[in-house]
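A.B. asks: Sharing final.txt, compact mmCIF, C-alpha atoms and all ligand atoms:
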# COMPACT_ATOMS: atom_id res chain seq x y z
CA MET A 152 129.28 140.54 73.86
CA GLN A 153 132.88 139.50 74.44
CA ALA A 154 135.29 142.28 75.57
CA LEU A 155 137.92 143.00 72.93
CA PRO A 156 140.69 142.12 72.26
CA ILE A 157 140.32 138.36 72.49
CA THR A 158 142.70 135.44 72.00
CA ILE A 159 142.75 132.83 69.22
CA GLY A 160 141.42 130.33 71.78
CA GLU A 161 138.49 132.62 72.64
CA ALA A 162 137.85 133.26 68.94
CA LEU A 163 137.64 129.49 68.45
CA GLN A 164 135.24 129.15 71.35
CA LEU A 165 132.99 132.01 70.14
CA THR A 166 132.96 130.66 66.59
CA ARG A 167 132.01 127.20 67.84
CA GLN A 168 129.15 128.62 69.92
CA THR A 169 127.80 130.69 67.01
CA LEU A 170 127.87 127.74 64.62
CA LEU A 171 126.35 125.36 67.17
CA SER A 172 123.52 127.74 67.98
CA SER A 173 122.74 128.24 64.26
CA GLY A 174 121.40 124.66 64.37
CA ARG A 175 122.70 123.97 60.85
CA ALA A 176 125.63 121.77 61.83
CA ALA A 177 125.65 118.09 60.95
CA SER A 178 127.56 117.21 64.13
CA GLU A 179 129.69 118.68 66.94
CA ASP A 180 132.77 117.35 65.17
CA ALA A 181 131.81 119.18 61.98
CA VAL A 182 131.31 122.40 63.95
CA LEU A 183 134.73 122.11 65.58
CA GLN A 184 136.41 121.39 62.26
CA GLU A 185 134.72 124.35 60.56
CA SER A 186 135.52 126.63 63.53
CA GLU A 187 139.19 125.64 63.31
CA LEU A 188 139.27 126.44 59.60
CA LEU A 189 137.50 129.80 59.98
CA VAL A 190 139.72 130.93 62.86
CA SER A 191 142.81 129.71 61.00
CA LYS A 192 142.04 132.48 58.47
CA ILE A 193 143.13 134.96 61.18
CA LEU A 194 146.54 133.31 61.40
CA GLU A 195 146.73 132.96 57.61
CA VAL A 196 146.86 136.75 57.31
CA ARG A 197 149.73 136.89 59.81
CA MET A 198 151.68 133.91 58.50
CA GLY A 199 151.15 134.51 54.78
CA ARG A 200 149.99 130.90 54.38
CA PHE A 201 147.19 128.74 55.76
CA PRO A 202 148.38 127.34 59.13
CA LYS A 203 148.51 123.65 59.95
CA ARG A 204 146.02 122.49 62.58
CA ALA A 205 148.80 122.06 65.15
CA GLU A 206 149.89 125.66 64.56
CA LEU A 207 146.39 126.89 65.38
CA TYR A 208 146.54 125.11 68.73
CA GLN A 209 150.10 126.34 69.40
CA ASN A 210 148.78 129.91 69.02
CA LEU A 211 145.70 129.70 71.27
CA LEU A 212 147.00 132.45 73.59
CA GLU A 213 147.88 134.87 70.78
CA GLU A 214 145.84 138.06 70.79
CA VAL A 215 143.48 138.81 67.90
CA SER A 216 143.18 142.48 66.96
CA PRO A 217 139.65 143.90 67.29
CA GLN A 218 139.60 144.63 63.53
CA SER A 219 140.63 141.09 62.67
CA TRP A 220 137.98 139.60 64.98
CA LEU A 221 135.27 141.84 63.51
CA THR A 222 136.16 140.57 60.03
CA THR A 223 136.15 136.95 61.23
CA GLU A 224 132.91 137.43 63.15
CA ARG A 225 131.20 138.68 59.97
CA ILE A 226 132.39 135.58 58.09
CA VAL A 227 131.29 133.29 60.92
CA ASN A 228 127.82 134.88 60.87
CA ARG A 229 127.59 134.29 57.11
CA ARG A 230 128.47 130.63 57.71
CA ALA A 231 125.85 130.45 60.49
CA SER A 232 123.24 131.71 58.03
CA GLY A 233 124.09 128.97 55.55
CA GLU A 234 126.75 130.25 53.16
CA PRO A 235 128.98 127.33 52.08
CA LEU A 236 132.23 127.06 54.01
CA GLN A 237 134.25 126.70 50.80
CA TYR A 238 133.10 130.10 49.51
CA LEU A 239 134.05 131.69 52.83
CA LEU A 240 137.46 130.02 52.91
CA GLY A 241 137.89 130.62 49.18
CA SER A 242 139.18 127.14 48.46
CA GLN A 243 138.41 123.44 48.10
CA VAL A 244 140.77 120.50 47.81
CA PHE A 245 140.08 118.30 44.76
CA LEU A 246 142.22 115.17 44.31
CA ASN A 247 145.80 116.45 44.29
CA HIS A 248 145.35 120.21 44.45
CA ASP A 249 143.84 123.10 46.35
CA TYR A 250 141.44 125.00 44.05
CA ARG A 251 140.24 128.55 44.43
CA VAL A 252 136.45 128.76 44.58
CA ALA A 253 134.06 131.68 45.03
CA SER A 254 130.35 132.26 44.63
CA GLY A 255 129.62 132.03 40.92
CA VAL A 256 131.40 128.72 40.52
CA LEU A 257 130.26 125.24 41.54
CA ILE A 258 132.05 123.82 44.58
CA PRO A 259 133.85 120.71 43.26
CA ARG A 260 132.34 117.48 44.60
CA PRO A 261 133.70 114.04 45.59
CA GLU A 262 131.50 112.43 42.87
CA THR A 263 133.54 114.33 40.31
CA GLU A 264 136.75 113.00 41.87
CA LEU A 265 135.37 109.55 41.09
CA VAL A 266 134.84 110.54 37.44
CA VAL A 267 138.33 112.02 37.09
CA THR A 268 139.93 108.99 38.76
CA GLU A 269 138.12 106.73 36.30
CA VAL A 270 139.18 108.87 33.33
CA ILE A 271 142.84 108.80 34.44
CA LYS A 272 142.72 105.02 34.99
CA ARG A 273 141.24 104.34 31.55
CA LEU A 274 143.49 106.78 29.70
CA GLN A 275 146.58 105.34 31.43
CA SER A 276 145.66 101.83 30.30
CA ARG A 277 145.76 102.88 26.62
CA THR A 278 148.78 102.01 24.52
CA ARG A 279 149.03 105.62 23.28
CA PRO A 280 148.83 108.49 25.81
CA PRO A 281 146.00 110.95 25.10
CA LYS A 282 146.95 114.08 23.17
CA MET A 283 143.69 115.99 23.02
CA GLY A 284 140.63 116.08 25.28
CA ILE A 285 137.41 118.07 25.30
CA GLU A 286 135.57 119.21 28.41
CA ILE A 287 132.09 120.69 28.46
CA GLY A 288 131.39 122.99 31.43
CA LEU A 289 134.82 123.80 32.89
CA GLY A 290 133.58 125.43 36.16
CA SER A 291 136.53 125.93 38.54
CA GLY A 292 138.64 123.84 36.16
CA VAL A 293 139.10 120.82 38.41
CA ILE A 294 138.56 118.15 35.73
CA SER A 295 140.73 119.60 32.98
CA ILE A 296 143.44 120.74 35.38
CA GLU A 297 143.74 117.33 37.09
CA LEU A 298 143.93 115.64 33.67
CA LEU A 299 146.52 118.10 32.41
CA SER A 300 148.56 117.44 35.57
CA ALA A 301 148.32 113.69 35.06
CA PHE A 302 149.20 113.71 31.33
CA THR A 303 152.00 116.08 30.50
CA ASN A 304 151.54 115.96 26.72
CA LEU A 305 147.79 116.41 26.84
CA ARG A 306 145.97 119.49 25.57
CA MET A 307 142.41 120.24 26.69
CA ILE A 308 139.79 122.39 24.96
CA ALA A 309 137.12 123.28 27.49
CA SER A 310 133.91 125.28 27.18
CA GLU A 311 132.29 127.49 29.81
CA VAL A 312 129.32 129.84 29.64
CA SER A 313 129.73 131.71 32.93
CA ASP A 314 132.11 134.70 33.20
CA SER A 315 132.80 134.09 36.91
CA ALA A 316 133.57 130.41 36.39
CA ALA A 317 135.82 131.15 33.40
CA ALA A 318 137.81 133.72 35.41
CA ILE A 319 138.29 131.35 38.36
CA ALA A 320 139.27 128.45 36.08
CA GLU A 321 141.92 130.63 34.47
CA GLN A 322 143.32 131.57 37.88
CA ASN A 323 143.38 127.92 38.97
CA ALA A 324 145.04 126.84 35.75
CA SER A 325 147.88 129.33 36.07
CA SER A 326 148.43 128.79 39.82
CA ILE A 327 148.37 124.98 39.57
CA LEU A 328 149.74 124.24 36.10
CA LYS A 329 152.11 127.24 35.87
CA GLU A 330 153.42 127.36 32.27
CA GLY A 331 151.39 124.17 31.58
CA ALA A 332 148.30 126.41 31.69
CA SER A 333 148.91 127.09 28.00
CA ARG A 334 147.79 123.49 27.34
CA LEU A 335 144.25 124.48 28.40
CA GLN A 336 142.22 126.33 25.79
CA LEU A 337 139.09 127.94 27.15
CA LEU A 338 136.16 128.40 24.77
CA ARG A 339 133.31 130.65 25.79
CA ALA A 340 129.85 129.24 25.08
CA ARG A 341 127.54 131.81 23.52
CA ASN A 342 124.61 130.79 25.69
CA ALA A 343 123.73 128.07 28.17
CA LEU A 344 121.55 126.07 25.74
CA GLU A 345 124.26 125.61 23.12
CA VAL A 346 126.67 122.79 23.83
CA PHE A 347 128.74 122.33 20.66
CA ASP A 348 128.39 125.62 18.74
CA THR A 349 131.53 127.07 20.28
CA PHE A 350 133.52 123.93 19.30
CA ARG A 351 132.14 124.20 15.72
CA GLU A 352 133.13 127.85 15.55
CA ASN A 353 136.55 127.62 17.20
CA SER A 354 137.85 124.07 16.87
CA GLU A 355 136.66 122.87 13.50
CA GLY A 356 138.24 119.62 12.40
CA ILE A 357 139.52 118.49 15.82
CA ARG A 358 139.48 114.80 16.59
CA ALA A 359 139.87 114.51 20.36
CA ASP A 360 140.85 111.31 22.17
CA PHE A 361 138.11 111.75 24.73
CA LEU A 362 135.32 114.01 25.94
CA VAL A 363 134.59 114.57 29.62
CA SER A 364 131.82 116.48 31.30
CA ASN A 365 130.13 117.04 34.61
CA PRO A 366 127.20 118.94 33.09
CA PRO A 367 124.34 120.67 34.92
CA TYR A 368 121.96 117.77 35.52
CA LEU A 369 119.63 118.52 38.41
CA ASP A 370 115.89 118.38 38.09
CA LEU A 371 113.54 120.56 40.14
CA SER A 372 111.92 117.36 41.43
CA ASP A 373 115.27 116.19 42.91
CA GLU A 374 115.92 116.55 46.62
CA ILE A 375 118.42 119.42 46.75
CA GLU A 376 119.96 120.92 49.90
CA THR A 377 118.72 124.44 50.61
CA GLN A 378 122.34 125.63 51.00
CA VAL A 379 123.06 124.49 47.42
CA LEU A 380 119.92 126.10 45.99
CA GLU A 381 120.53 129.37 47.80
CA HIS A 382 124.22 129.78 47.11
CA GLU A 383 125.55 127.79 44.16
CA PRO A 384 125.15 129.11 40.60
CA PRO A 385 121.91 127.91 38.93
CA LEU A 386 123.74 127.62 35.58
CA ALA A 387 125.94 124.93 37.14
CA LEU A 388 123.01 123.05 38.65
CA PHE A 389 120.16 123.06 36.12
CA PRO A 390 120.15 122.99 32.31
CA VAL A 391 118.40 126.20 31.22
CA SER A 392 116.02 124.11 29.10
CA MET A 393 114.85 122.58 32.41
CA ASP A 394 115.27 119.18 30.77
CA SER A 395 117.69 117.49 33.16
CA LEU A 396 118.86 115.20 30.33
CA HIS A 397 119.62 118.09 27.93
CA PHE A 398 123.44 117.77 28.01
CA TYR A 399 123.41 113.96 27.78
CA ALA A 400 121.13 114.14 24.74
CA GLU A 401 123.41 116.75 23.11
CA ILE A 402 126.62 114.86 23.92
CA SER A 403 125.33 111.46 22.78
CA ARG A 404 124.02 112.99 19.50
CA ASN A 405 126.63 115.54 18.53
CA SER A 406 130.03 114.66 19.97
CA LYS A 407 131.10 112.21 17.24
CA GLU A 408 131.98 115.05 14.91
CA PHE A 409 134.74 116.16 17.33
CA LEU A 410 136.04 112.75 18.41
CA ALA A 411 138.52 110.20 17.04
CA GLU A 412 137.11 106.80 16.08
CA ASP A 413 138.45 105.12 19.26
CA ALA A 414 137.57 108.03 21.58
CA GLU A 415 135.71 107.58 24.85
CA ILE A 416 133.13 109.78 26.54
CA PHE A 417 133.12 110.17 30.33
CA VAL A 418 130.18 111.91 31.98
CA GLU A 419 129.10 112.33 35.56
CA ILE A 420 125.46 111.31 35.93
CA PRO A 421 122.68 111.48 38.52
CA SER A 422 122.17 107.88 39.70
CA ASN A 423 118.36 108.21 39.66
CA ARG A 424 118.38 108.87 35.90
CA ALA A 425 121.15 106.41 34.94
CA GLU A 426 118.83 104.17 32.92
CA GLN A 427 117.44 107.03 30.84
CA ILE A 428 120.94 108.33 30.15
CA VAL A 429 122.16 104.87 29.11
CA GLY A 430 119.13 104.75 26.76
CA LEU A 431 120.09 108.07 25.14
CA PHE A 432 123.66 106.91 24.44
CA GLU A 433 122.64 103.45 23.21
CA THR A 434 120.09 104.96 20.83
CA GLU A 435 122.95 106.93 19.25
CA GLY A 436 125.01 103.75 18.82
CA TRP A 437 127.36 104.06 21.82
CA GLN A 438 128.37 101.11 23.97
CA VAL A 439 128.07 102.05 27.59
CA VAL A 440 129.60 101.12 30.96
CA LEU A 441 128.32 102.52 34.25
CA VAL A 442 130.76 103.26 37.08
CA PRO A 443 129.40 102.94 40.62
CA ASP A 444 130.50 104.98 43.64
CA LEU A 445 131.42 103.37 46.97
CA THR A 446 127.74 102.98 47.87
CA GLY A 447 127.08 101.12 44.60
CA ARG A 448 125.17 103.95 42.89
CA SER A 449 126.01 104.68 39.24
CA ARG A 450 127.65 108.13 39.18
CA ALA A 451 129.67 108.01 35.96
CA LEU A 452 129.07 106.71 32.47
CA VAL A 453 131.75 105.69 29.98
CA ALA A 454 130.77 105.40 26.33
CA HIS A 455 132.69 104.20 23.29
CA ARG A 456 131.74 103.20 19.75
C1 LIG B 501 128.07 121.04 37.17
S1 LIG B 501 129.15 122.36 36.77
C2 LIG B 501 130.69 121.50 36.63
C3 LIG B 501 131.88 122.36 36.87
C4 LIG B 501 133.22 121.59 36.95
N1 LIG B 501 133.54 120.93 35.72
C5 LIG B 501 133.16 120.59 38.09
O1 LIG B 501 133.04 119.39 37.80
O2 LIG B 501 133.22 120.99 39.25
C6 LIG B 501 128.69 122.69 35.10
C7 LIG B 501 129.39 123.89 34.47
O3 LIG B 501 128.90 124.02 33.13
C8 LIG B 501 128.71 125.39 32.83
N2 LIG B 501 127.74 125.44 31.71
C9 LIG B 501 126.40 125.45 31.76
N3 LIG B 501 125.89 125.45 30.52
C10 LIG B 501 126.94 125.43 29.65
C11 LIG B 501 127.07 125.41 28.24
N4 LIG B 501 126.01 125.36 27.44
N5 LIG B 501 128.31 125.40 27.70
C12 LIG B 501 129.41 125.42 28.50
N6 LIG B 501 129.35 125.45 29.86
C13 LIG B 501 128.14 125.43 30.42
C14 LIG B 501 128.26 126.00 34.14
O4 LIG B 501 128.46 127.39 34.16
C15 LIG B 501 129.12 125.22 35.13
O5 LIG B 501 130.33 125.89 35.37
Could you render the structure as structure tokens?
C.D. replies:
Amino acid sequence: MQALPITIGEALQLTRQTLLSSGRAASEDAVLQESELLVSKILEVRMGRFPKRAELYQNLLEEVSPQSWLTTERIVNRRASGEPLQYLLGSQVFLNHDYRVASGVLIPRPETELVVTEVIKRLQSRTRPPKMGIEIGLGSGVISIELLSAFTNLRMIASEVSDSAAAIAEQNASSILKEGASRLQLLRARNALEVFDTFRENSEGIRADFLVSNPPYLDLSDEIETQVLEHEPPLALFPVSMDSLHFYAEISRNSKEFLAEDAEIFVEIPSNRAEQIVGLFETEGWQVVLVPDLTGRSRALVAHR
């Protein structure tokens, strides 16, 4: 037990030791990086903003109050027992913005950045900028909010079934988009099985320029990290029907009634089921393009008529 009070430097050292001895770390570098971020939270309280890395090291000799260290120590212990760093820090960077995240909402992933980058690229290459988009499964709001930031005349209608996710998305929309948040309309899904009912009830007659979704698509037979299974919301990971293709089947079958003739569909997909998902869309008369990630695995699908 370290005598209190301690310095920022000692807090960093203790945090590093705790994380290293938890045996969960991918590498020493990862442990150091996480320790820096967790200890930076102490300075964040003092400075009123998250410190830069250099500022952490400039403050190594600063004293940490016993109360502040006890709070940090509790958080470090939660990290050592496997809670995702992003939930403990309360944020995750996604493309151009820092998003608030908390348990109850999926932590945004780099695969989804690939999808959003592809959507922006394709929408920018159109002769007419997009006016209306649909998103299914808003989560923290990363997809809709990045698109609304990229296209200033765009409006998005996005559905979400989870109360916690909806609340966080609304916070992210107002902190990132400011008054532009009014261009995001949130529709609450009645239950997790229904995909389009809320659009039928609330947005009858819309003809959107595109539909985008990173739906729940995991299958129990997939290899899934324990940290994900233990901490991230099941509603964001698995379709409640336990058919991992549920959302793709729904979207390929039912989205036409909400889309303009020249609209495109963009969905994130699990690479190991790409062929089946292509099959679902082609059966419904869509022409399909797969978008690979940097390792060559198909992680996004674009469909048009
Ligand atoms: C994989 S997460 C994606 C979240 C966010 N769009 C992202 O990319 O980080 C899927 C989201 O869909 C929501 N969801 C699940 N079933 C739904 C349904 N039937 N209608 C609307 N949203 C649903 C979940 O609560 C979750 O927030």
A.B. asks: Mind giving me the straight-line distance from atom CA of Asp413 of chain A to atom CA of Leu246 of chain A in Å, one decimal?
C.D. replies: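 If I compute the distance from atom CA of Asp413 of chain A to atom CA of Leu246 of chain A, I get 27.3 Å.
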A.B. asks: Around ligand LIG 501 (chain B), at most 9 Å away and counting only C-alpha atoms and all ligand atoms, which residues are there? Put them as number ranges by chain, please.
C.D. replies: A: 255-260, 262-264, 286-295, 309-317, 338-349, 363-369, 384-391, 398, 419
A.B. asks: Just how far from atom CA of Arg334 of chain A is atom CA of Asn304 of chain A, in Å to one decimal?
C.D. replies: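 It comes out at 8.4 Å.
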A.B. asks: Between A:Leu239, A:Ile416, A:Ile308, A:Val270, single out the one closest to Arg456 of chain A, counting all atoms listed in the file.
C.D. replies: A:Ile416
A.B. asks: Atom CA of Gly436 of chain A and atom CA of Glu412 of chain A are how many Å apart?
C.D. replies: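 According to the coordinates, atom CA of Gly436 of chain A and atom CA of Glu412 of chain A are separated by 12.8 Å.
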A.B. asks: Neighbouring residues of segment 211-225 of chain A were defined as those with any atom within 8 Å, considering only C-alpha atoms; residues of the same chain fewer than 6 positions away were excluded. Please report them as a ChimeraX atom specification.
C.D. replies: /A:155-162,166,189-190,192-193
A.B. asks: Give as JSON, numbers by chain the set of residues within 7 Å of the point (138.0, 118.3, 22.7), where distances use the file's coordinates and only C-alpha atoms.
C.D. replies: {"A": [283, 284, 285, 286, 307, 308, 309, 359, 361, 362, 409]}
A.B. asks: Counting only C-alpha atoms, what is within 12 Å of Glu435 of chain A, bar same-chain residues fewer than 2 positions away, as a list in words?
C.D. replies: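 Using only C-alpha atoms, the neighbours found are Tyr399, Ala400, Glu401, Ile402, Ser403, Arg404, Asn405, Ser406, Lys407, Ile428, Val429, Gly430, Leu431, Phe432, Glu433, Trp437, Gln438, Val439, Ala454, His455 and Arg456 of chain A.
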A.B. asks: Let's have the selection written as a PDB file, in the coordinates of the input, with C-alpha atoms.
C.D. replies:
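As written to disk, part07.pdb reads:
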ATOM      1  CA  TYR A 399     123.410 113.960  27.780  1.00  0.00           C
ATOM      2  CA  ALA A 400     121.130 114.140  24.740  1.00  0.00           C
ATOM      3  CA  GLU A 401     123.410 116.750  23.110  1.00  0.00           C
ATOM      4  CA  ILE A 402     126.620 114.860  23.920  1.00  0.00           C
ATOM      5  CA  SER A 403     125.330 111.460  22.780  1.00  0.00           C
ATOM      6  CA  ARG A 404     124.020 112.990  19.500  1.00  0.00           C
ATOM      7  CA  ASN A 405     126.630 115.540  18.530  1.00  0.00           C
ATOM      8  CA  SER A 406     130.030 114.660  19.970  1.00  0.00           C
ATOM      9  CA  LYS A 407     131.100 112.210  17.240  1.00  0.00           C
ATOM     10  CA  ILE A 428     120.940 108.330  30.150  1.00  0.00           C
ATOM     11  CA  VAL A 429     122.160 104.870  29.110  1.00  0.00           C
ATOM     12  CA  GLY A 430     119.130 104.750  26.760  1.00  0.00           C
ATOM     13  CA  LEU A 431     120.090 108.070  25.140  1.00  0.00           C
ATOM     14  CA  PHE A 432     123.660 106.910  24.440  1.00  0.00           C
ATOM     15  CA  GLU A 433     122.640 103.450  23.210  1.00  0.00           C
ATOM     16  CA  TRP A 437     127.360 104.060  21.820  1.00  0.00           C
ATOM     17  CA  GLN A 438     128.370 101.110  23.970  1.00  0.00           C
ATOM     18  CA  VAL A 439     128.070 102.050  27.590  1.00  0.00           C
ATOM     19  CA  ALA A 454     130.770 105.400  26.330  1.00  0.00           C
ATOM     20  CA  HIS A 455     132.690 104.200  23.290  1.00  0.00           C
ATOM     21  CA  ARG A 456     131.740 103.200  19.750  1.00  0.00           C
TER      22      ARG A 456
END
A.B. asks: Which residues come within 9 Å of Leu265 of chain A, counting all atoms listed in the file, excluding same-chain residues fewer than 5 positions away, as a PyMOL selection string?
C.D. replies: chain A and resi 270+419+442-444+450-451
A.B. asks: Using all atoms listed in the file, determine which residues lie at most 10 Å from His248 of chain A, disregarding the query and same-chain residues fewer than 4 positions distant; provide the list as a ChimeraX atom specification.
C.D. replies: /A:243-244,293,296-297,300,323,327
A.B. asks: Identify which of the residues A:Leu410, A:Arg277, A:Arg306, A:Ala205 lies closest to Ile357 of chain A, counting all atoms listed in the file when measuring atom-to-atom distances.
C.D. replies: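 Answer, going by the shortest atom-to-atom distance: A:Leu410.
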A.B. asks: Which of these residues is nearest to Glu376 of chain A, using only C-alpha atoms: A:Lys329, A:Glu234, A:Phe417, A:Gln322?
C.D. replies: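 Nearest candidate to Glu376 of chain A out of A:Lys329, A:Glu234, A:Phe417, A:Gln322: A:Glu234.
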A.B. asks: Rank nothing, just name the residue among A:His382, A:Arg167, A:Arg197, A:Lys282 nearest to Leu183 of chain A, using all atoms listed in the file.
C.D. replies: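 When distances to Leu183 of chain A are compared using all atoms listed in the file, the smallest one comes from A:Arg167.
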A.B. asks: Reconstruct N, CA and C atoms of segment 295-317 of chain A from the incomplete input and present them as a PDB file, in the coordinates of the input.
C.D. replies:
ATOM      1  N   SER A 295     139.668 119.393  33.982  1.00  0.00           N
ATOM      2  CA  SER A 295     140.730 119.600  32.980  1.00  0.00           C
ATOM      3  C   SER A 295     142.089 119.739  33.643  1.00  0.00           C
ATOM      4  N   ILE A 296     142.138 120.480  34.758  1.00  0.00           N
ATOM      5  CA  ILE A 296     143.440 120.740  35.380  1.00  0.00           C
ATOM      6  C   ILE A 296     144.049 119.450  35.955  1.00  0.00           C
ATOM      7  N   GLU A 297     143.205 118.612  36.581  1.00  0.00           N
ATOM      8  CA  GLU A 297     143.740 117.330  37.090  1.00  0.00           C
ATOM      9  C   GLU A 297     144.242 116.462  35.928  1.00  0.00           C
ATOM     10  N   LEU A 298     143.510 116.466  34.815  1.00  0.00           N
ATOM     11  CA  LEU A 298     143.930 115.640  33.670  1.00  0.00           C
ATOM     12  C   LEU A 298     145.210 116.189  33.050  1.00  0.00           C
ATOM     13  N   LEU A 299     145.300 117.509  32.966  1.00  0.00           N
ATOM     14  CA  LEU A 299     146.520 118.100  32.410  1.00  0.00           C
ATOM     15  C   LEU A 299     147.720 117.854  33.326  1.00  0.00           C
ATOM     16  N   SER A 300     147.471 117.756  34.644  1.00  0.00           N
ATOM     17  CA  SER A 300     148.560 117.440  35.570  1.00  0.00           C
ATOM     18  C   SER A 300     148.986 115.985  35.421  1.00  0.00           C
ATOM     19  N   ALA A 301     148.010 115.121  35.145  1.00  0.00           N
ATOM     20  CA  ALA A 301     148.320 113.690  35.060  1.00  0.00           C
ATOM     21  C   ALA A 301     148.998 113.319  33.736  1.00  0.00           C
ATOM     22  N   PHE A 302     148.656 114.052  32.665  1.00  0.00           N
ATOM     23  CA  PHE A 302     149.200 113.710  31.330  1.00  0.00           C
ATOM     24  C   PHE A 302     149.924 114.936  30.776  1.00  0.00           C
ATOM     25  N   THR A 303     151.241 114.861  30.786  1.00  0.00           N
ATOM     26  CA  THR A 303     152.000 116.080  30.500  1.00  0.00           C
ATOM     27  C   THR A 303     152.020 116.486  29.028  1.00  0.00           C
ATOM     28  N   ASN A 304     151.597 115.562  28.133  1.00  0.00           N
ATOM     29  CA  ASN A 304     151.540 115.960  26.720  1.00  0.00           C
ATOM     30  C   ASN A 304     150.114 116.217  26.243  1.00  0.00           C
ATOM     31  N   LEU A 305     149.209 116.227  27.198  1.00  0.00           N
ATOM     32  CA  LEU A 305     147.790 116.410  26.840  1.00  0.00           C
ATOM     33  C   LEU A 305     147.472 117.895  26.629  1.00  0.00           C
ATOM     34  N   ARG A 306     146.552 118.155  25.701  1.00  0.00           N
ATOM     35  CA  ARG A 306     145.970 119.490  25.570  1.00  0.00           C
ATOM     36  C   ARG A 306     144.470 119.344  25.784  1.00  0.00           C
ATOM     37  N   MET A 307     143.853 120.290  26.478  1.00  0.00           N
ATOM     38  CA  MET A 307     142.410 120.240  26.690  1.00  0.00           C
ATOM     39  C   MET A 307     141.763 121.478  26.062  1.00  0.00           C
ATOM     40  N   ILE A 308     140.607 121.262  25.418  1.00  0.00           N
ATOM     41  CA  ILE A 308     139.790 122.390  24.960  1.00  0.00           C
ATOM     42  C   ILE A 308     138.510 122.310  25.776  1.00  0.00           C
ATOM     43  N   ALA A 309     138.237 123.357  26.549  1.00  0.00           N
ATOM     44  CA  ALA A 309     137.120 123.280  27.490  1.00  0.00           C
ATOM     45  C   ALA A 309     136.184 124.465  27.293  1.00  0.00           C
ATOM     46  N   SER A 310     134.869 124.195  27.358  1.00  0.00           N
ATOM     47  CA  SER A 310     133.910 125.280  27.180  1.00  0.00           C
ATOM     48  C   SER A 310     133.339 125.714  28.530  1.00  0.00           C
ATOM     49  N   GLU A 311     132.949 126.974  28.599  1.00  0.00           N
ATOM     50  CA  GLU A 311     132.290 127.490  29.810  1.00  0.00           C
ATOM     51  C   GLU A 311     131.430 128.678  29.405  1.00  0.00           C
ATOM     52  N   VAL A 312     130.221 128.748  30.003  1.00  0.00           N
ATOM     53  CA  VAL A 312     129.320 129.840  29.640  1.00  0.00           C
ATOM     54  C   VAL A 312     129.398 130.987  30.659  1.00  0.00           C
ATOM     55  N   SER A 313     129.792 130.681  31.890  1.00  0.00           N
ATOM     56  CA  SER A 313     129.730 131.710  32.930  1.00  0.00           C
ATOM     57  C   SER A 313     131.043 132.499  33.033  1.00  0.00           C
ATOM     58  N   ASP A 314     130.928 133.848  33.096  1.00  0.00           N
ATOM     59  CA  ASP A 314     132.110 134.700  33.200  1.00  0.00           C
ATOM     60  C   ASP A 314     132.862 134.414  34.494  1.00  0.00           C
ATOM     61  N   SER A 315     132.121 134.283  35.616  1.00  0.00           N
ATOM     62  CA  SER A 315     132.800 134.090  36.910  1.00  0.00           C
ATOM     63  C   SER A 315     133.551 132.775  36.916  1.00  0.00           C
ATOM     64  N   ALA A 316     132.903 131.719  36.400  1.00  0.00           N
ATOM     65  CA  ALA A 316     133.570 130.410  36.390  1.00  0.00           C
ATOM     66  C   ALA A 316     134.819 130.478  35.508  1.00  0.00           C
ATOM     67  N   ALA A 317     134.677 131.090  34.324  1.00  0.00           N
ATOM     68  CA  ALA A 317     135.820 131.150  33.400  1.00  0.00           C
ATOM     69  C   ALA A 317     137.004 131.860  34.061  1.00  0.00           C
TER      70      ALA A 317
END
